[in-house]
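Report on the following structure.
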Amino acid sequence: MISSSDISQAVTQAATEAGFELSGIASVREEDFPELHAFIEWVDSGHAGEMKYLEKRTEDGTLKRASAKNAAPWVRSVIVCGLNYNTDKPYSTQAHDPQRGWISRYAWGSKDYHHALGRRLQQVEAAVRHMAAQNNLPIETRSYVDTGPIVERVYARYAGLGWIGKNTCLIHEKLGSFFFLGVILTSLDLAPALPAADRCGSCTRCIDACPTQAIVAPGKLDSRRCIAYLTIEKRGEIPLEFRSQMGHHIFGCDICQDVCPWNNKAGNAPFTEAPEFQPQPQSFHPGLAALAEMNEDAFRQAFRDSPVKRAKYAGLKRNVAVAMGNSGQKEFAPHLEKMAAEGDAVLAEHALWALEKLR
């Protein structure tokens with residue numbers, strides 16, 4: 001009879017063969033996970049903003065993401081895999097061209113990470129199911145890449161993949177924090193890893209560097225203030241108090257990761273070899289003028305396989321207007337005037353704000 005440790009070793013091998021740099025196994029004893037209790041309090045405090053999908057509850061009123069068992073009552077273990085997406089391009093804190101906007105590092109590739117990660121995760125899932133069948137073990141599995149009611153980074157911590165930093169990102173002592181997470185829920189009762197120790201120490205660089213002061217306490221993020229949330233999840237008008245602090249960011253924000261010592265330490269944050277994550281011209285530090293002139297069909301064509309499409313055409317144009325206003329480049333005025341006349345009330349308001357700031 002195959003042992004739990006043998007299965008765990010096989011999972012690690014399958015994950016490595018699929019191209020993952022990290023893998024581990026967590027239990028589903030969520031009562032021992034204080035981070036999940038903190039997540040529930042975070043949602044109840046309203047810090048999720050307009051991300052209503054995080055607030056979904058079961059019929060008895062329990063927050064769905066409070067337990068993996070709410071997604072799959074049969075689950076006994078969670079396999080977590082990590083895939084590096086870092087490249088050799090500069091960090092946002094090193095890029096200062098006022099003619100260009102900043103797109104978050106994770107969205108530079110030629111493929112949406114959901115697909116790139118998903119096919120690798122399915123390879124691991126198939127290997128686990130095959131191994132169970134060979135040993136006559138009944139099994140159920142289900143895999144997620146940001147698609148299920150799971151707080152992935154919490155299970156990742158208890159699978160030994162890293163600790164949750166003060167900026168709320170999962171940090172690995174050798175890879176830093178530029179990696180994606182995918183999970184496989186399984187009915188197999190596997191031996192869990194030991195949770196990673198917190199190595200942030202007294203460092204507060206991420207908290208100090210956040211332009212909008214979104215990290216309101218170590219490990220606690222107010223999404224409503226976060227540039228990533230404002231440029232991706234927020235619909236309609238961006239609050240006036242945050243626009244000037246958004247700088248050149250038009251999709252997401254990497255500042256709290258870019259300043260993290262674990263991403264800057266010698267030997268850390270190695271570069272990915274995955275072809276899907278190599279920077280594409282339209283995604284890495286794109287020109288603001290070209291984006292301002294882009295019509296909706298061109299947007300769909302340029303970003304059809306990119307996470308940038310999540311912001312939608314109207315959202316990206318709105319963000320471009322704000323970045324132009326923050327650029328100090330008066331030659332952007334004709335583009336802003338054109339956006340103000342396009343007929344979209346939200347875009348017009350942001351374009352007029354930007355014009356006034358340039359004046």
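Identifiers for the structure tokens are assigned positionally: chains receive A, B, ... in sequence, residues are indexed from 1 per chain, and ligands are indexed from 1 in the order shown.
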- Task: Please provide the set of residues having any atom within 8 Å of range 167-169 of chain A, restricted to only C-alpha atoms, with same-chain residues fewer than 4 positions apart removed, written as a PyMOL selection string.
- Result: chain A and resi 153+177+206-207+215+218-221+256-257
Strand (DSSP E or B) residues, from DSSP on the backbone, in range 124-255 of chain A, as a tab-separated table (two decimals) with N, CA and C atoms, in the first residue's frame:
chain	number	residue	atom	x	y	z
A	141	THR	N	-10.85	15.12	-7.20
A	141	THR	CA	-9.97	16.29	-7.30
A	141	THR	C	-10.69	17.44	-7.98
A	142	ARG	N	-10.19	18.62	-7.73
A	142	ARG	CA	-10.69	19.81	-8.40
A	142	ARG	C	-9.58	20.86	-8.36
A	143	SER	N	-9.30	21.50	-9.50
A	143	SER	CA	-8.22	22.48	-9.54
A	143	SER	C	-8.77	23.88	-9.79
A	144	TYR	N	-8.05	24.87	-9.24
A	144	TYR	CA	-8.45	26.28	-9.37
A	144	TYR	C	-7.23	27.15	-9.65
A	163	TRP	N	5.75	32.77	3.38
A	163	TRP	CA	4.96	33.43	4.41
A	163	TRP	C	4.20	34.59	3.78
A	164	ILE	N	3.15	35.03	4.46
A	164	ILE	CA	2.36	36.16	3.97
A	164	ILE	C	2.99	37.44	4.52
A	170	LEU	N	2.36	36.56	-0.84
A	170	LEU	CA	3.13	35.42	-0.37
A	170	LEU	C	4.57	35.61	-0.80
A	171	ILE	N	5.50	35.40	0.12
A	171	ILE	CA	6.92	35.62	-0.15
A	171	ILE	C	7.69	34.33	0.13
A	172	HIS	N	8.50	33.94	-0.84
A	172	HIS	CA	9.38	32.77	-0.69
A	172	HIS	C	10.80	33.27	-0.53
A	176	GLY	N	11.32	35.17	-3.89
A	176	GLY	CA	10.68	36.46	-3.69
A	176	GLY	C	9.16	36.30	-3.75
A	179	PHE	N	5.40	35.19	-8.20
A	179	PHE	CA	4.97	33.89	-8.70
A	179	PHE	C	3.47	33.72	-8.52
A	180	PHE	N	2.88	32.97	-9.45
A	180	PHE	CA	1.45	32.67	-9.42
A	180	PHE	C	1.20	31.43	-8.57
A	181	LEU	N	-0.04	31.33	-8.07
A	181	LEU	CA	-0.44	30.17	-7.28
A	181	LEU	C	-1.62	29.45	-7.94
A	182	GLY	N	-1.57	28.14	-7.90
A	182	GLY	CA	-2.71	27.32	-8.31
A	182	GLY	C	-2.92	26.24	-7.26
A	183	VAL	N	-4.15	25.79	-7.09
A	183	VAL	CA	-4.44	24.78	-6.06
A	183	VAL	C	-5.20	23.60	-6.65
A	184	ILE	N	-4.95	22.44	-6.07
A	184	ILE	CA	-5.71	21.23	-6.39
A	184	ILE	C	-6.30	20.70	-5.10
A	185	LEU	N	-7.61	20.65	-5.03
A	185	LEU	CA	-8.28	20.05	-3.89
A	185	LEU	C	-8.37	18.55	-4.13
A	186	THR	N	-8.08	17.77	-3.12
A	186	THR	CA	-8.13	16.32	-3.28
A	186	THR	C	-8.74	15.65	-2.05
A	215	ILE	N	-1.76	49.95	2.67
A	215	ILE	CA	-1.43	48.95	3.69
A	215	ILE	C	-1.63	49.62	5.05
A	216	VAL	N	-2.82	49.44	5.60
A	216	VAL	CA	-3.21	50.18	6.79
A	216	VAL	C	-2.62	49.60	8.07
A	217	ALA	N	-2.10	48.38	8.00
A	217	ALA	CA	-1.43	47.72	9.12
A	217	ALA	C	-0.67	46.54	8.53
A	220	LYS	N	-2.45	43.89	6.40
A	220	LYS	CA	-3.84	44.33	6.23
A	220	LYS	C	-3.91	45.41	5.16
A	221	LEU	N	-4.58	45.09	4.07
A	221	LEU	CA	-4.69	45.99	2.92
A	221	LEU	C	-6.12	46.50	2.78
A	249	HIS	N	0.61	54.45	-13.30
A	249	HIS	CA	0.02	53.12	-13.27
A	249	HIS	C	-1.32	53.10	-14.01
A	250	ILE	N	-1.43	52.22	-15.00
A	250	ILE	CA	-2.67	52.11	-15.77
A	250	ILE	C	-3.31	50.73	-15.64
A	251	PHE	N	-2.58	49.75	-15.12
A	251	PHE	CA	-3.16	48.44	-14.84
A	251	PHE	C	-2.32	47.77	-13.76
Using only C-alpha atoms, what does the table of range 264-313 of chain A residues within 9 Å of range 332-352 of chain A look like, with each row giving the shortest atom pair and its distance in Å to one decimal, sorted by chain and ascending number, as a tab-separated table?
residue	atom	partner	partner_atom	distance
A:Leu288	CA	A:Phe332	CA	8.7
A:Ala289	CA	A:His335	CA	7.1
A:Ala292	CA	A:His335	CA	6.4
A:Glu293	CA	A:His335	CA	7.3
Written file, previous selection with N, CA and C atoms, as a PDB file, in the first residue's frame:
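again13.pdb, freshly written:
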ATOM      1  N   LEU A 288       1.648  56.077 -23.650  1.00  0.00           N
ATOM      2  CA  LEU A 288       0.311  56.552 -23.283  1.00  0.00           C
ATOM      3  C   LEU A 288      -0.446  57.098 -24.486  1.00  0.00           C
ATOM      4  N   ALA A 289       0.241  57.777 -25.381  1.00  0.00           N
ATOM      5  CA  ALA A 289      -0.426  58.372 -26.543  1.00  0.00           C
ATOM      6  C   ALA A 289      -1.067  57.290 -27.409  1.00  0.00           C
ATOM      7  N   ALA A 292      -4.147  55.997 -25.741  1.00  0.00           N
ATOM      8  CA  ALA A 292      -5.228  56.990 -25.779  1.00  0.00           C
ATOM      9  C   ALA A 292      -5.959  56.956 -27.114  1.00  0.00           C
ATOM     10  N   GLU A 293      -5.228  56.653 -28.197  1.00  0.00           N
ATOM     11  CA  GLU A 293      -5.818  56.626 -29.533  1.00  0.00           C
ATOM     12  C   GLU A 293      -6.402  55.262 -29.896  1.00  0.00           C
TER      13      GLU A 293
END
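The shortest atom-to-atom distance to Asp222 in chain A, with only C-alpha atoms taken into account, belongs to A:Cys210 out of A:Leu194, A:Asp32, A:Cys210, A:Gln94.
Once Trp353 in chain A and its same-chain neighbours fewer than 5 positions away are set aside, A:Ala321, A:Val322, A:Gly325, A:Ala348, A:Leu358 remain within 9 Å of it when counting only C-alpha atoms.
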Writing out the chosen residues with C-alpha atoms as a JSON list (two decimals), in the first residue's frame:
[["chain", "number", "residue", "atom", "x", "y", "z"],
["A", 321, "ALA", "CA", -6.28, 59.76, -18.76],
["A", 322, "VAL", "CA", -5.21, 59.83, -15.10],
["A", 325, "GLY", "CA", -2.64, 64.09, -16.02],
["A", 348, "ALA", "CA", -14.74, 62.71, -19.92],
["A", 358, "LEU", "CA", -1.62, 69.75, -16.80]]
- Task: May I ask for the distance between CA of Pro98 in chain A and CA of Ser327 in chain A, given in Å to one decimal place?
- Result: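 Computed distance, CA of Pro98 in chain A to CA of Ser327 in chain A, equals 5.0 Å.
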